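Next comes start.cif, a file with mmCIF, C-alpha atoms.
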data_start
loop_
_atom_site.label_atom_id
_atom_site.label_comp_id
_atom_site.auth_asym_id
_atom_site.auth_seq_id
_atom_site.Cartn_x
_atom_site.Cartn_y
_atom_site.Cartn_z
CA MET T 1 -72.94 4.54 45.87
CA THR T 2 -71.39 2.17 48.39
CA ILE T 3 -73.16 2.08 51.73
CA HIS T 4 -70.98 1.27 54.69
CA TYR T 5 -72.74 -0.42 57.55
CA LEU T 6 -72.17 -2.67 60.51
CA GLU T 7 -74.10 -5.69 61.69
CA GLY T 8 -75.31 -6.53 65.18
CA GLU T 9 -75.23 -4.03 68.01
CA ASN T 10 -73.31 -1.46 65.95
CA SER T 11 -76.00 -1.37 63.28
CA ALA T 12 -78.31 1.60 62.83
CA LEU T 13 -81.06 -0.74 64.06
CA PHE T 14 -79.75 -0.02 67.54
CA GLN T 15 -79.64 3.75 67.31
CA PRO T 16 -82.35 5.86 69.01
CA LEU T 17 -85.29 7.27 67.07
CA THR T 18 -87.88 9.86 68.06
CA ILE T 19 -91.54 9.46 67.10
CA ALA T 20 -94.76 11.21 68.21
CA ASN T 21 -93.37 14.54 66.96
CA GLY T 22 -90.47 14.25 69.40
CA GLY T 23 -92.61 13.09 72.32
CA ILE T 24 -91.29 9.51 72.43
CA THR T 25 -87.71 8.31 72.03
CA LEU T 26 -87.17 4.70 71.00
CA ARG T 27 -83.93 3.10 72.15
CA HIS T 28 -83.77 0.90 69.06
CA ARG T 29 -85.55 0.48 65.72
CA VAL T 30 -86.58 -3.19 65.84
CA VAL T 31 -90.35 -2.76 65.94
CA HIS T 32 -92.85 -5.49 66.85
CA ALA T 33 -95.31 -5.57 63.94
CA PRO T 34 -99.08 -5.81 64.49
CA LEU T 35 -99.90 -9.53 64.62
CA THR T 36 -103.38 -11.01 64.85
CA ARG T 37 -103.10 -14.08 67.12
CA ASN T 38 -106.73 -14.75 68.19
CA ARG T 39 -105.88 -15.54 71.82
CA GLY T 40 -108.52 -13.49 73.65
CA VAL T 41 -110.77 -14.87 76.37
CA PRO T 42 -114.46 -15.21 75.39
CA GLU T 43 -116.81 -12.96 77.34
CA ASN T 44 -119.38 -15.76 77.16
CA PRO T 45 -117.42 -19.03 77.62
CA ILE T 46 -120.42 -21.19 76.70
CA SER T 47 -120.99 -20.25 73.07
CA THR T 48 -123.83 -21.94 71.20
CA PRO T 49 -125.52 -21.27 67.86
CA GLU T 50 -128.50 -19.94 69.81
CA CYS T 51 -126.36 -17.71 72.05
CA PRO T 52 -123.00 -17.20 70.32
CA ASN T 53 -120.09 -15.41 71.93
CA ARG T 54 -119.05 -12.41 69.85
CA VAL T 55 -116.85 -10.50 72.29
CA TRP T 56 -113.32 -11.36 73.45
CA ILE T 57 -111.20 -9.81 76.20
CA PRO T 58 -107.42 -9.74 76.70
CA GLY T 59 -106.57 -12.24 79.45
CA ASP T 60 -103.50 -13.42 81.35
CA LEU T 61 -102.01 -15.16 78.32
CA MET T 62 -102.02 -12.00 76.23
CA VAL T 63 -100.49 -10.02 79.07
CA GLU T 64 -97.68 -12.59 79.22
CA TYR T 65 -97.18 -12.63 75.44
CA TYR T 66 -96.73 -8.89 75.10
CA SER T 67 -94.61 -8.67 78.23
CA GLN T 68 -92.27 -11.39 76.92
CA ARG T 69 -91.56 -9.35 73.80
CA THR T 70 -91.09 -6.01 75.53
CA THR T 71 -87.66 -4.35 75.66
CA GLU T 72 -86.52 -1.14 77.30
CA GLY T 73 -87.41 1.66 74.89
CA GLY T 74 -88.70 -0.80 72.29
CA LEU T 75 -91.88 -0.21 70.27
CA ILE T 76 -94.69 -2.76 70.09
CA ILE T 77 -97.64 -2.23 67.77
CA SER T 78 -100.63 -4.19 69.01
CA GLU T 79 -102.59 -6.71 67.02
CA GLY T 80 -105.49 -5.21 65.11
CA ILE T 81 -108.13 -4.11 67.65
CA PRO T 82 -111.73 -3.80 66.41
CA PRO T 83 -113.36 -0.49 67.44
CA SER T 84 -116.85 -2.01 67.24
CA LEU T 85 -118.62 -5.36 67.11
CA GLU T 86 -119.39 -4.77 63.43
CA SER T 87 -115.71 -4.32 62.59
CA ASN T 88 -114.39 -7.61 63.98
CA GLY T 89 -113.23 -10.05 61.35
CA MET T 90 -112.23 -13.11 63.38
CA PRO T 91 -112.95 -14.99 66.62
CA GLY T 92 -110.57 -14.60 69.53
CA VAL T 93 -109.72 -10.98 68.67
CA PRO T 94 -110.27 -8.59 71.60
CA GLY T 95 -111.82 -5.30 70.60
CA LEU T 96 -111.94 -1.99 72.43
CA PHE T 97 -115.64 -1.20 72.63
CA THR T 98 -116.66 -2.56 76.06
CA PRO T 99 -115.46 -1.63 79.57
CA GLU T 100 -114.22 -5.20 80.14
CA GLN T 101 -112.11 -5.06 76.99
CA ALA T 102 -110.64 -1.72 78.09
CA LYS T 103 -109.69 -3.24 81.47
CA GLY T 104 -108.03 -6.17 79.72
CA TRP T 105 -106.04 -3.98 77.36
CA LYS T 106 -104.99 -1.76 80.26
CA ARG T 107 -103.39 -4.82 81.87
CA VAL T 108 -101.43 -5.44 78.65
CA VAL T 109 -100.36 -1.78 78.44
CA ASP T 110 -99.31 -1.72 82.10
CA ALA T 111 -97.23 -4.89 81.65
CA VAL T 112 -95.39 -3.39 78.68
CA HIS T 113 -94.77 -0.12 80.51
CA ALA T 114 -93.52 -2.00 83.59
CA LYS T 115 -90.64 -3.29 81.47
CA GLY T 116 -89.90 0.11 79.94
CA GLY T 117 -91.58 -0.56 76.61
CA ILE T 118 -93.82 1.53 74.36
CA ILE T 119 -97.07 0.19 72.89
CA ILE T 120 -99.30 1.55 70.14
CA CYS T 121 -102.95 0.54 69.65
CA GLN T 122 -103.70 -0.51 66.07
CA LEU T 123 -107.37 -0.03 65.19
CA TRP T 124 -108.69 -2.49 62.61
CA HIS T 125 -112.01 -2.66 60.77
CA ALA T 126 -112.46 -5.78 58.63
CA GLY T 127 -115.20 -4.26 56.46
CA ARG T 128 -116.47 -6.93 54.09
CA ALA T 129 -113.82 -9.47 55.21
CA THR T 130 -116.14 -11.09 57.73
CA ILE T 131 -119.45 -12.98 57.80
CA PRO T 132 -122.76 -12.38 59.63
CA GLN T 133 -122.21 -15.47 61.79
CA MET T 134 -119.18 -13.67 63.25
CA THR T 135 -120.68 -10.27 64.05
CA GLY T 136 -124.42 -10.93 64.10
CA MET T 137 -124.94 -8.32 61.38
CA PRO T 138 -124.22 -7.99 57.65
CA PRO T 139 -120.65 -7.23 56.54
CA VAL T 140 -120.19 -3.62 55.47
CA CYS T 141 -118.28 -2.19 52.53
CA PRO T 142 -118.00 1.02 50.51
CA SER T 143 -120.18 -0.76 47.93
CA ALA T 144 -122.25 -3.94 47.98
CA THR T 145 -119.45 -5.66 46.06
CA VAL T 146 -119.70 -9.43 46.15
CA TRP T 147 -116.48 -11.39 46.70
CA ASP T 148 -115.39 -12.21 43.14
CA SER T 149 -114.30 -15.77 43.94
CA PRO T 150 -117.13 -18.22 44.71
CA THR T 151 -114.70 -20.58 46.46
CA GLU T 152 -112.77 -18.18 48.73
CA CYS T 153 -113.95 -18.87 52.25
CA TYR T 154 -113.97 -17.31 55.69
CA SER T 155 -110.94 -18.46 57.64
CA HIS T 156 -112.60 -19.83 60.80
CA PRO T 157 -115.47 -22.20 61.61
CA PRO T 158 -118.72 -20.35 62.22
CA VAL T 159 -120.28 -20.75 65.64
CA GLY T 160 -121.51 -24.31 66.14
CA SER T 161 -119.16 -25.78 63.54
CA THR T 162 -115.63 -27.21 63.66
CA GLU T 163 -114.99 -26.96 59.92
CA TYR T 164 -112.45 -24.35 58.79
CA PHE T 165 -112.92 -22.68 55.40
CA SER T 166 -116.50 -23.91 55.09
CA VAL T 167 -118.32 -20.59 54.47
CA PRO T 168 -117.75 -18.81 51.13
CA TYR T 169 -117.60 -15.03 51.45
CA ALA T 170 -119.65 -14.79 48.25
CA ASN T 171 -122.59 -16.36 50.08
CA HIS T 172 -122.78 -13.31 52.35
CA PRO T 173 -122.43 -10.14 50.24
CA PRO T 174 -121.83 -6.91 52.15
CA ILE T 175 -124.19 -3.99 52.44
CA GLU T 176 -123.15 -0.58 51.13
CA LEU T 177 -122.31 1.92 53.84
CA SER T 178 -124.65 4.90 53.82
CA VAL T 179 -123.15 8.31 54.50
CA ALA T 180 -124.68 8.23 57.99
CA HIS T 181 -123.17 4.78 58.57
CA ILE T 182 -119.77 6.07 57.41
CA LYS T 183 -119.99 8.90 59.96
CA GLN T 184 -120.91 6.41 62.71
CA THR T 185 -118.02 4.15 61.72
CA ILE T 186 -115.60 7.06 62.02
CA GLN T 187 -117.09 7.87 65.43
CA ASP T 188 -116.48 4.24 66.48
CA TYR T 189 -112.80 4.70 65.63
CA CYS T 190 -112.70 7.97 67.58
CA ASN T 191 -114.33 6.41 70.65
CA ALA T 192 -111.85 3.52 70.63
CA ALA T 193 -108.89 5.86 70.07
CA LYS T 194 -109.98 8.02 73.02
CA THR T 195 -110.30 4.93 75.22
CA ALA T 196 -106.90 3.68 74.07
CA MET T 197 -105.20 6.88 75.18
CA GLU T 198 -107.14 6.95 78.46
CA ILE T 199 -105.95 3.45 79.43
CA GLY T 200 -102.33 4.30 78.64
CA PHE T 201 -101.54 3.31 75.07
CA ASP T 202 -98.74 5.50 73.71
CA GLY T 203 -100.55 6.22 70.48
CA VAL T 204 -102.97 4.89 67.89
CA GLU T 205 -102.26 3.42 64.46
CA ILE T 206 -105.02 3.18 61.85
CA HIS T 207 -104.81 -0.05 59.87
CA GLY T 208 -105.21 1.30 56.35
CA GLY T 209 -103.91 -1.74 54.46
CA ASN T 210 -104.35 -5.45 53.75
CA GLY T 211 -107.72 -5.09 52.04
CA TYR T 212 -109.62 -4.06 55.16
CA LEU T 213 -112.20 -1.28 55.29
CA PRO T 214 -110.00 1.78 54.60
CA GLU T 215 -108.28 -0.01 51.72
CA GLN T 216 -111.64 -1.22 50.45
CA PHE T 217 -112.45 2.47 49.95
CA LEU T 218 -109.11 2.94 48.13
CA SER T 219 -109.57 -0.07 45.82
CA SER T 220 -111.33 0.60 42.52
CA ASN T 221 -112.43 -3.05 42.14
CA ILE T 222 -114.30 -2.89 45.46
CA ASN T 223 -115.36 0.76 45.78
CA LYS T 224 -117.94 1.37 43.04
CA ARG T 225 -119.47 4.49 44.60
CA THR T 226 -120.28 7.57 42.55
CA ASP T 227 -120.69 10.04 45.43
CA GLN T 228 -118.00 11.95 47.32
CA TYR T 229 -116.41 8.66 48.44
CA GLY T 230 -115.76 7.05 45.05
CA GLY T 231 -115.34 7.33 41.30
CA SER T 232 -111.77 8.69 41.14
CA PRO T 233 -108.50 8.26 43.04
CA GLU T 234 -109.17 11.55 44.82
CA LYS T 235 -112.67 10.61 45.96
CA ARG T 236 -111.63 7.11 47.01
CA CYS T 237 -109.23 8.76 49.48
CA GLN T 238 -111.99 10.80 51.13
CA PHE T 239 -112.94 8.22 53.76
CA LEU T 240 -109.38 7.96 55.01
CA PHE T 241 -108.95 11.75 55.02
CA GLU T 242 -112.08 12.11 57.15
CA LEU T 243 -111.12 9.22 59.41
CA MET T 244 -107.61 10.50 60.06
CA GLY T 245 -108.90 14.02 60.54
CA GLU T 246 -111.48 13.07 63.16
CA VAL T 247 -109.15 10.74 65.07
CA ALA T 248 -106.45 13.44 65.02
CA LYS T 249 -108.94 15.89 66.55
CA THR T 250 -109.76 13.31 69.22
CA ILE T 251 -106.25 12.33 70.37
CA GLY T 252 -103.85 14.77 68.70
CA GLU T 253 -102.10 14.01 65.39
CA GLU T 254 -98.76 13.54 67.14
CA ASN T 255 -100.32 10.47 68.76
CA LEU T 256 -101.66 9.13 65.45
CA SER T 257 -100.08 6.97 62.75
CA ILE T 258 -101.20 4.84 59.81
CA ARG T 259 -100.29 1.57 58.13
CA LEU T 260 -100.56 1.29 54.33
CA SER T 261 -100.00 -1.40 51.70
CA PRO T 262 -100.11 0.43 48.34
CA PHE T 263 -99.26 -2.68 46.32
CA GLY T 264 -101.09 -5.35 48.32
CA LEU T 265 -103.49 -7.98 47.02
CA TYR T 266 -104.80 -9.41 50.27
CA ASN T 267 -108.59 -9.70 50.67
CA GLN T 268 -108.99 -9.14 46.92
CA ALA T 269 -107.65 -5.58 46.96
CA ARG T 270 -106.97 -5.56 43.23
CA GLY T 271 -107.69 -1.96 42.35
CA GLU T 272 -106.05 0.01 39.57
CA GLN T 273 -104.37 3.43 39.66
CA ARG T 274 -102.15 2.37 42.56
CA ILE T 275 -99.55 5.12 42.13
CA GLU T 276 -102.15 7.84 41.53
CA THR T 277 -104.33 6.82 44.46
CA TRP T 278 -101.68 6.33 47.13
CA THR T 279 -99.64 9.32 45.98
CA TYR T 280 -102.69 11.55 46.35
CA LEU T 281 -103.47 9.95 49.72
CA CYS T 282 -99.96 10.41 51.10
CA GLU T 283 -99.61 13.96 49.82
CA GLY T 284 -102.93 14.82 51.45
CA LEU T 285 -101.99 13.20 54.75
CA LYS T 286 -98.63 14.94 54.87
CA LYS T 287 -100.21 18.31 54.09
CA THR T 288 -103.06 18.06 56.62
CA HIS T 289 -101.20 16.12 59.32
CA PRO T 290 -97.52 17.11 59.13
CA THR T 291 -96.74 15.90 62.66
CA LEU T 292 -98.04 12.31 62.55
CA SER T 293 -96.16 10.04 64.95
CA TYR T 294 -94.92 7.83 62.07
CA VAL T 295 -96.12 6.08 58.92
CA SER T 296 -95.79 2.34 58.35
CA PHE T 297 -95.70 0.63 54.95
CA ILE T 298 -95.58 -2.93 53.61
CA GLU T 299 -92.91 -3.80 51.05
CA PRO T 300 -94.21 -4.01 47.45
CA ARG T 301 -92.89 -7.55 46.97
CA TYR T 302 -94.19 -8.94 50.24
CA GLU T 303 -97.57 -10.65 50.05
CA GLN T 304 -99.39 -12.87 52.53
CA ILE T 305 -100.95 -15.02 49.84
CA PHE T 306 -98.36 -15.16 47.04
CA SER T 307 -94.64 -15.87 46.75
CA GLU T 308 -92.24 -13.04 45.86
CA GLU T 309 -92.00 -14.43 42.31
CA GLU T 310 -95.79 -14.46 41.94
CA LYS T 311 -96.04 -10.95 43.35
CA ASP T 312 -93.40 -9.75 40.88
CA GLY T 313 -95.65 -11.10 38.15
CA PHE T 314 -98.54 -8.96 39.35
CA LEU T 315 -96.35 -5.88 39.66
CA GLY T 316 -94.97 -6.47 36.18
CA SER T 317 -98.47 -6.75 34.73
CA TRP T 318 -99.23 -3.31 36.19
CA GLY T 319 -96.06 -1.81 34.72
CA LEU T 320 -94.59 -1.56 38.22
CA LYS T 321 -91.92 -4.26 38.04
CA ASP T 322 -89.22 -2.21 39.77
CA VAL T 323 -91.51 -0.20 42.05
CA THR T 324 -90.26 0.81 45.51
CA LEU T 325 -91.57 2.82 48.44
CA ASP T 326 -89.17 5.67 47.60
CA ARG T 327 -91.94 7.91 46.25
CA PHE T 328 -93.84 7.72 49.54
CA ARG T 329 -90.70 8.12 51.61
CA GLN T 330 -90.01 11.35 49.74
CA ILE T 331 -93.57 12.62 50.25
CA PHE T 332 -93.48 12.11 54.02
CA GLY T 333 -90.09 13.75 54.39
CA LYS T 334 -89.10 13.90 58.05
CA THR T 335 -92.09 11.86 59.29
CA PRO T 336 -90.58 8.62 60.68
CA PHE T 337 -91.03 5.97 57.98
CA PHE T 338 -91.31 2.26 58.86
CA SER T 339 -91.32 -0.75 56.56
CA ALA T 340 -92.37 -4.40 56.99
CA GLY T 341 -91.98 -7.46 54.82
CA ASN T 342 -89.72 -10.48 55.33
CA PHE T 343 -86.96 -8.77 57.31
CA ASP T 344 -84.76 -11.19 59.26
CA ASN T 345 -81.24 -11.64 60.65
CA LYS T 346 -79.73 -11.68 57.15
CA ASN T 347 -81.38 -8.91 55.13
CA SER T 348 -81.83 -6.20 57.78
CA TRP T 349 -78.28 -4.90 57.73
CA GLY T 350 -77.60 -1.72 55.80
CA VAL T 351 -81.26 -0.92 55.12
CA LEU T 352 -81.52 1.94 57.61
CA GLU T 353 -78.00 3.15 56.81
CA SER T 354 -79.13 3.59 53.20
CA GLY T 355 -81.72 6.13 54.34
CA LYS T 356 -84.61 4.15 52.83
CA TYR T 357 -86.42 3.76 56.15
CA ASP T 358 -86.18 4.84 59.78
CA ALA T 359 -87.22 1.55 61.41
CA LEU T 360 -88.03 -2.03 60.43
CA LEU T 361 -91.03 -4.10 61.52
CA TYR T 362 -90.69 -7.78 62.37
CA GLY T 363 -93.68 -10.10 62.65
CA ARG T 364 -93.23 -13.85 62.26
CA TYR T 365 -89.78 -13.92 63.83
CA PHE T 366 -91.06 -11.96 66.83
CA ILE T 367 -93.59 -14.78 67.30
CA SER T 368 -90.93 -17.49 67.65
CA ASN T 369 -88.22 -15.29 69.20
CA PRO T 370 -89.49 -13.33 72.20
CA ASP T 371 -85.90 -12.06 72.53
CA LEU T 372 -85.63 -11.07 68.86
CA VAL T 373 -84.03 -7.72 69.70
CA GLU T 374 -81.25 -9.40 71.68
CA ARG T 375 -80.73 -12.06 69.00
CA LEU T 376 -80.32 -9.42 66.29
CA LYS T 377 -78.04 -7.38 68.50
CA LYS T 378 -75.77 -10.36 69.22
CA ARG T 379 -76.13 -11.95 65.76
CA LEU T 380 -77.62 -15.12 67.23
CA PRO T 381 -79.59 -17.66 65.12
CA LEU T 382 -83.36 -17.23 64.98
CA GLU T 383 -85.83 -19.93 65.98
CA ALA T 384 -88.20 -21.10 63.24
CA TYR T 385 -91.85 -20.16 63.54
CA ASP T 386 -94.82 -22.52 63.35
CA ARG T 387 -97.23 -21.15 60.75
CA SER T 388 -99.97 -23.56 61.83
CA ARG T 389 -100.14 -21.78 65.22
CA PHE T 390 -100.36 -18.21 63.96
CA TYR T 391 -104.13 -17.82 64.21
CA GLY T 392 -106.15 -19.26 67.11
CA PRO T 393 -108.26 -19.82 69.00
CA PHE T 394 -106.97 -23.25 70.06
CA GLU T 395 -107.77 -25.55 72.95
CA ASP T 396 -104.23 -24.90 74.16
CA ASN T 397 -103.74 -21.24 73.32
CA ALA T 398 -100.32 -21.13 75.03
CA PHE T 399 -98.63 -23.65 72.73
CA HIS T 400 -96.34 -21.76 70.33
CA TYR T 401 -97.68 -18.50 71.71
CA THR T 402 -96.03 -17.95 75.09
CA ASP T 403 -93.83 -21.06 75.31
CA TYR T 404 -91.06 -20.07 72.86
CA GLN T 405 -87.73 -19.85 74.67
CA THR T 406 -85.18 -17.07 74.62
CA ALA T 407 -81.65 -17.91 73.54
CA GLU T 408 -80.57 -17.68 77.16
CA GLN T 409 -83.29 -20.07 78.34
CA LYS T 410 -82.48 -22.52 75.56
CA GLN T 411 -78.78 -22.50 76.40
CA ALA T 412 -79.53 -23.08 80.09
#
Would you kindly transcribe this structure into structure tokens?
Amino acid sequence: MTIHYLEGENSALFQPLTIANGGITLRHRVVHAPLTRNRGVPENPISTPECPNRVWIPGDLMVEYYSQRTTEGGLIISEGIPPSLESNGMPGVPGLFTPEQAKGWKRVVDAVHAKGGIIICQLWHAGRATIPQMTGMPPVCPSATVWDSPTECYSHPPVGSTEYFSVPYANHPPIELSVAHIKQTIQDYCNAAKTAMEIGFDGVEIHGGNGYLPEQFLSSNINKRTDQYGGSPEKRCQFLFELMGEVAKTIGEENLSIRLSPFGLYNQARGEQRIETWTYLCEGLKKTHPTLSYVSFIEPRYEQIFSEEEKDGFLGSWGLKDVTLDRFRQIFGKTPFFSAGNFDNKNSWGVLESGKYDALLYGRYFISNPDLVERLKKRLPLEAYDRSRFYGPFEDNAFHYTDYQTAEQKQA
């Protein structure tokens, strides 16, 4: 079948879309993806090994960053926001578990709303993808599963050090979450979700992908439990069912969404039974929460740590060489369906017209193009991004964070 489509402002990217069960209307479908940037302000600016800072707050720079990328009726999904100290995976990431953090995030939300934008709070729990030096407590996981690579290291210098990638994850195995600890973790999410709505966020997205805690429950190579939370695809979904159910009770399912990466490998999510597990998960979510705001997926061939050719090799070895997200799109039916993974000013055209997805998420090009929406609309060239400046903190946190120019500024 031939799909007829237009590029630029006449594309379906610039047609309205309703989310939140009809409660929110987007004026376009170019969505700012959740992007960890590690640019928060330390609560304790004098951090030492004896008294390390473990809490960060959104400051002026973050307010400016989000405001720069806001458009009238455009959707921004926040960076991953830890709902507890235990859940934080990296320095510089502001959580939502202290009053000061809530005040900081409210400033970000207010700045986005002042420009007519919409902003969703993504809640993120790193699970075992952290180290005790970061949180002050052991990493947690569905099982006490040691990182299977002795050389894979934590991404940032621990407090008191300047050496990146110096601490192997395998040196700090996680503890297994007890059932009581699981219930408390879910309550942490609920508390943060409630605060998010109270300070003005337009909804909450659960980060259920990229090998973080919810996906650690879904992954058979990590989740070795034999109770109600593990041992089969159905039981490995139980944590997410409970989590989504409790957060939905707290804020209303029309204000709730989820991000999933059924074919991801990040953070050693190398589980089997991908189709069985995520099909059961999605069917269960659609049945119990038919009015979710939207669902957000990551393309099967996109991977943070491997090239597309390498990822195809993994998919082929699983018998999933030609796999797509079509199965999940069909399951969710009329629930707005988003997709992320290497979309740019060349490959975005015709995707929405085909009916595959309802909106596209852009990450790296939103970093280097604060006016990405306008550039796509007018078919203008995109500025290259600087990968070395993706993840702070830096001495100069503004460089290649808030200093990228719009096309109009560059021309002037």
Padding of 3 Å on every side, edges along x, y and z, all listed atoms of range 134-142 of chain T included: what centre and edge lengths in Å, to one decimal, does that box have, as JSON?
{"center_x": -121.5, "center_y": -6.3, "center_z": 57.3, "size_x": 12.9, "size_y": 20.7, "size_z": 19.6}
Report task. Using the chain letters and residue numbers of this document, give as a list of chain:residue names the residues selected by the PyMOL selection byres ((chain T and resi 80) around 10). Result ->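 This file, filtered by the PyMOL selection byres ((chain T and resi 80) around 10), leaves T:Pro34, T:Leu35, T:Thr36, T:Arg37, T:Ile77, T:Ser78, T:Glu79, T:Ile81, T:Pro82, T:Pro83, T:Asn88, T:Gly89, T:Val93, T:Pro94, T:Gly95, T:Cys121, T:Gln122, T:Leu123, T:Trp124, T:His125, T:Ala126, T:Glu205, T:Ile206, T:His207.
If you count only C-alpha atoms and ignore residues fewer than 5 places along the chain from Glu272 in chain T, what sits within 9 Å of it is Ser219, Ser220, Asn221, Thr277 and Trp318 of chain T.
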Query raised in the report: Near Leu256 in chain T, counting only C-alpha atoms, which residues have an atom at most 8 Å away, once you skip same-chain residues fewer than 4 positions from it, shown as a list in words?
Result: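 Surrounding residues, per the criterion: Ala20, Gly203, Val204, Glu205, Ile206, Val247, Ala248, Ile251, Gly252, Leu292, Ser293 and Tyr294 of chain T.
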Identify all residues satisfying the PyMOL selection byres ((chain T and resi 271) around 12) in the given file; provide them as a PDB file with C-alpha atoms, in the frame of the given file.
ATOM      1  CA  GLY T 211    -107.720  -5.090  52.040  1.00  0.00           C
ATOM      2  CA  GLU T 215    -108.280  -0.010  51.720  1.00  0.00           C
ATOM      3  CA  GLN T 216    -111.640  -1.220  50.450  1.00  0.00           C
ATOM      4  CA  PHE T 217    -112.450   2.470  49.950  1.00  0.00           C
ATOM      5  CA  LEU T 218    -109.110   2.940  48.130  1.00  0.00           C
ATOM      6  CA  SER T 219    -109.570  -0.070  45.820  1.00  0.00           C
ATOM      7  CA  SER T 220    -111.330   0.600  42.520  1.00  0.00           C
ATOM      8  CA  ASN T 221    -112.430  -3.050  42.140  1.00  0.00           C
ATOM      9  CA  ILE T 222    -114.300  -2.890  45.460  1.00  0.00           C
ATOM     10  CA  ASN T 223    -115.360   0.760  45.780  1.00  0.00           C
ATOM     11  CA  LYS T 224    -117.940   1.370  43.040  1.00  0.00           C
ATOM     12  CA  SER T 232    -111.770   8.690  41.140  1.00  0.00           C
ATOM     13  CA  PRO T 233    -108.500   8.260  43.040  1.00  0.00           C
ATOM     14  CA  ARG T 236    -111.630   7.110  47.010  1.00  0.00           C
ATOM     15  CA  PRO T 262    -100.110   0.430  48.340  1.00  0.00           C
ATOM     16  CA  PHE T 263     -99.260  -2.680  46.320  1.00  0.00           C
ATOM     17  CA  GLY T 264    -101.090  -5.350  48.320  1.00  0.00           C
ATOM     18  CA  LEU T 265    -103.490  -7.980  47.020  1.00  0.00           C
ATOM     19  CA  TYR T 266    -104.800  -9.410  50.270  1.00  0.00           C
ATOM     20  CA  ASN T 267    -108.590  -9.700  50.670  1.00  0.00           C
ATOM     21  CA  GLN T 268    -108.990  -9.140  46.920  1.00  0.00           C
ATOM     22  CA  ALA T 269    -107.650  -5.580  46.960  1.00  0.00           C
ATOM     23  CA  ARG T 270    -106.970  -5.560  43.230  1.00  0.00           C
ATOM     24  CA  GLU T 272    -106.050   0.010  39.570  1.00  0.00           C
ATOM     25  CA  GLN T 273    -104.370   3.430  39.660  1.00  0.00           C
ATOM     26  CA  ARG T 274    -102.150   2.370  42.560  1.00  0.00           C
ATOM     27  CA  ILE T 275     -99.550   5.120  42.130  1.00  0.00           C
ATOM     28  CA  GLU T 276    -102.150   7.840  41.530  1.00  0.00           C
ATOM     29  CA  THR T 277    -104.330   6.820  44.460  1.00  0.00           C
ATOM     30  CA  TRP T 278    -101.680   6.330  47.130  1.00  0.00           C
ATOM     31  CA  PHE T 314     -98.540  -8.960  39.350  1.00  0.00           C
ATOM     32  CA  TRP T 318     -99.230  -3.310  36.190  1.00  0.00           C
TER      33      TRP T 318
END
Report task. For Thr195 in chain T, please output as a PyMOL selection string all residues within 8 Å (counting all atoms listed in the file; exclusion window: fewer than 4 positions along the same chain). Result -> chain T and resi 96+102+191+199
Report task. Write out as a ChimeraX atom specification which residues come within 8 Å of Ile57 in chain T when counting only C-alpha atoms, dropping same-chain ones fewer than 3 positions away. Result -> /T:40-43,93-95,100-101,104-105
With C-alpha atoms retained, export the selected residues as a PDB file, in the frame of the given file.
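For reference, result_17.pdb as written:
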ATOM      1  CA  GLY T  40    -108.520 -13.490  73.650  1.00  0.00           C
ATOM      2  CA  VAL T  41    -110.770 -14.870  76.370  1.00  0.00           C
ATOM      3  CA  PRO T  42    -114.460 -15.210  75.390  1.00  0.00           C
ATOM      4  CA  GLU T  43    -116.810 -12.960  77.340  1.00  0.00           C
ATOM      5  CA  VAL T  93    -109.720 -10.980  68.670  1.00  0.00           C
ATOM      6  CA  PRO T  94    -110.270  -8.590  71.600  1.00  0.00           C
ATOM      7  CA  GLY T  95    -111.820  -5.300  70.600  1.00  0.00           C
ATOM      8  CA  GLU T 100    -114.220  -5.200  80.140  1.00  0.00           C
ATOM      9  CA  GLN T 101    -112.110  -5.060  76.990  1.00  0.00           C
ATOM     10  CA  GLY T 104    -108.030  -6.170  79.720  1.00  0.00           C
ATOM     11  CA  TRP T 105    -106.040  -3.980  77.360  1.00  0.00           C
TER      12      TRP T 105
END
**Report entry** Separation of CA of Tyr404 in chain T from CA of Ala359 in chain T in Å
**Finding:** 24.8 Å
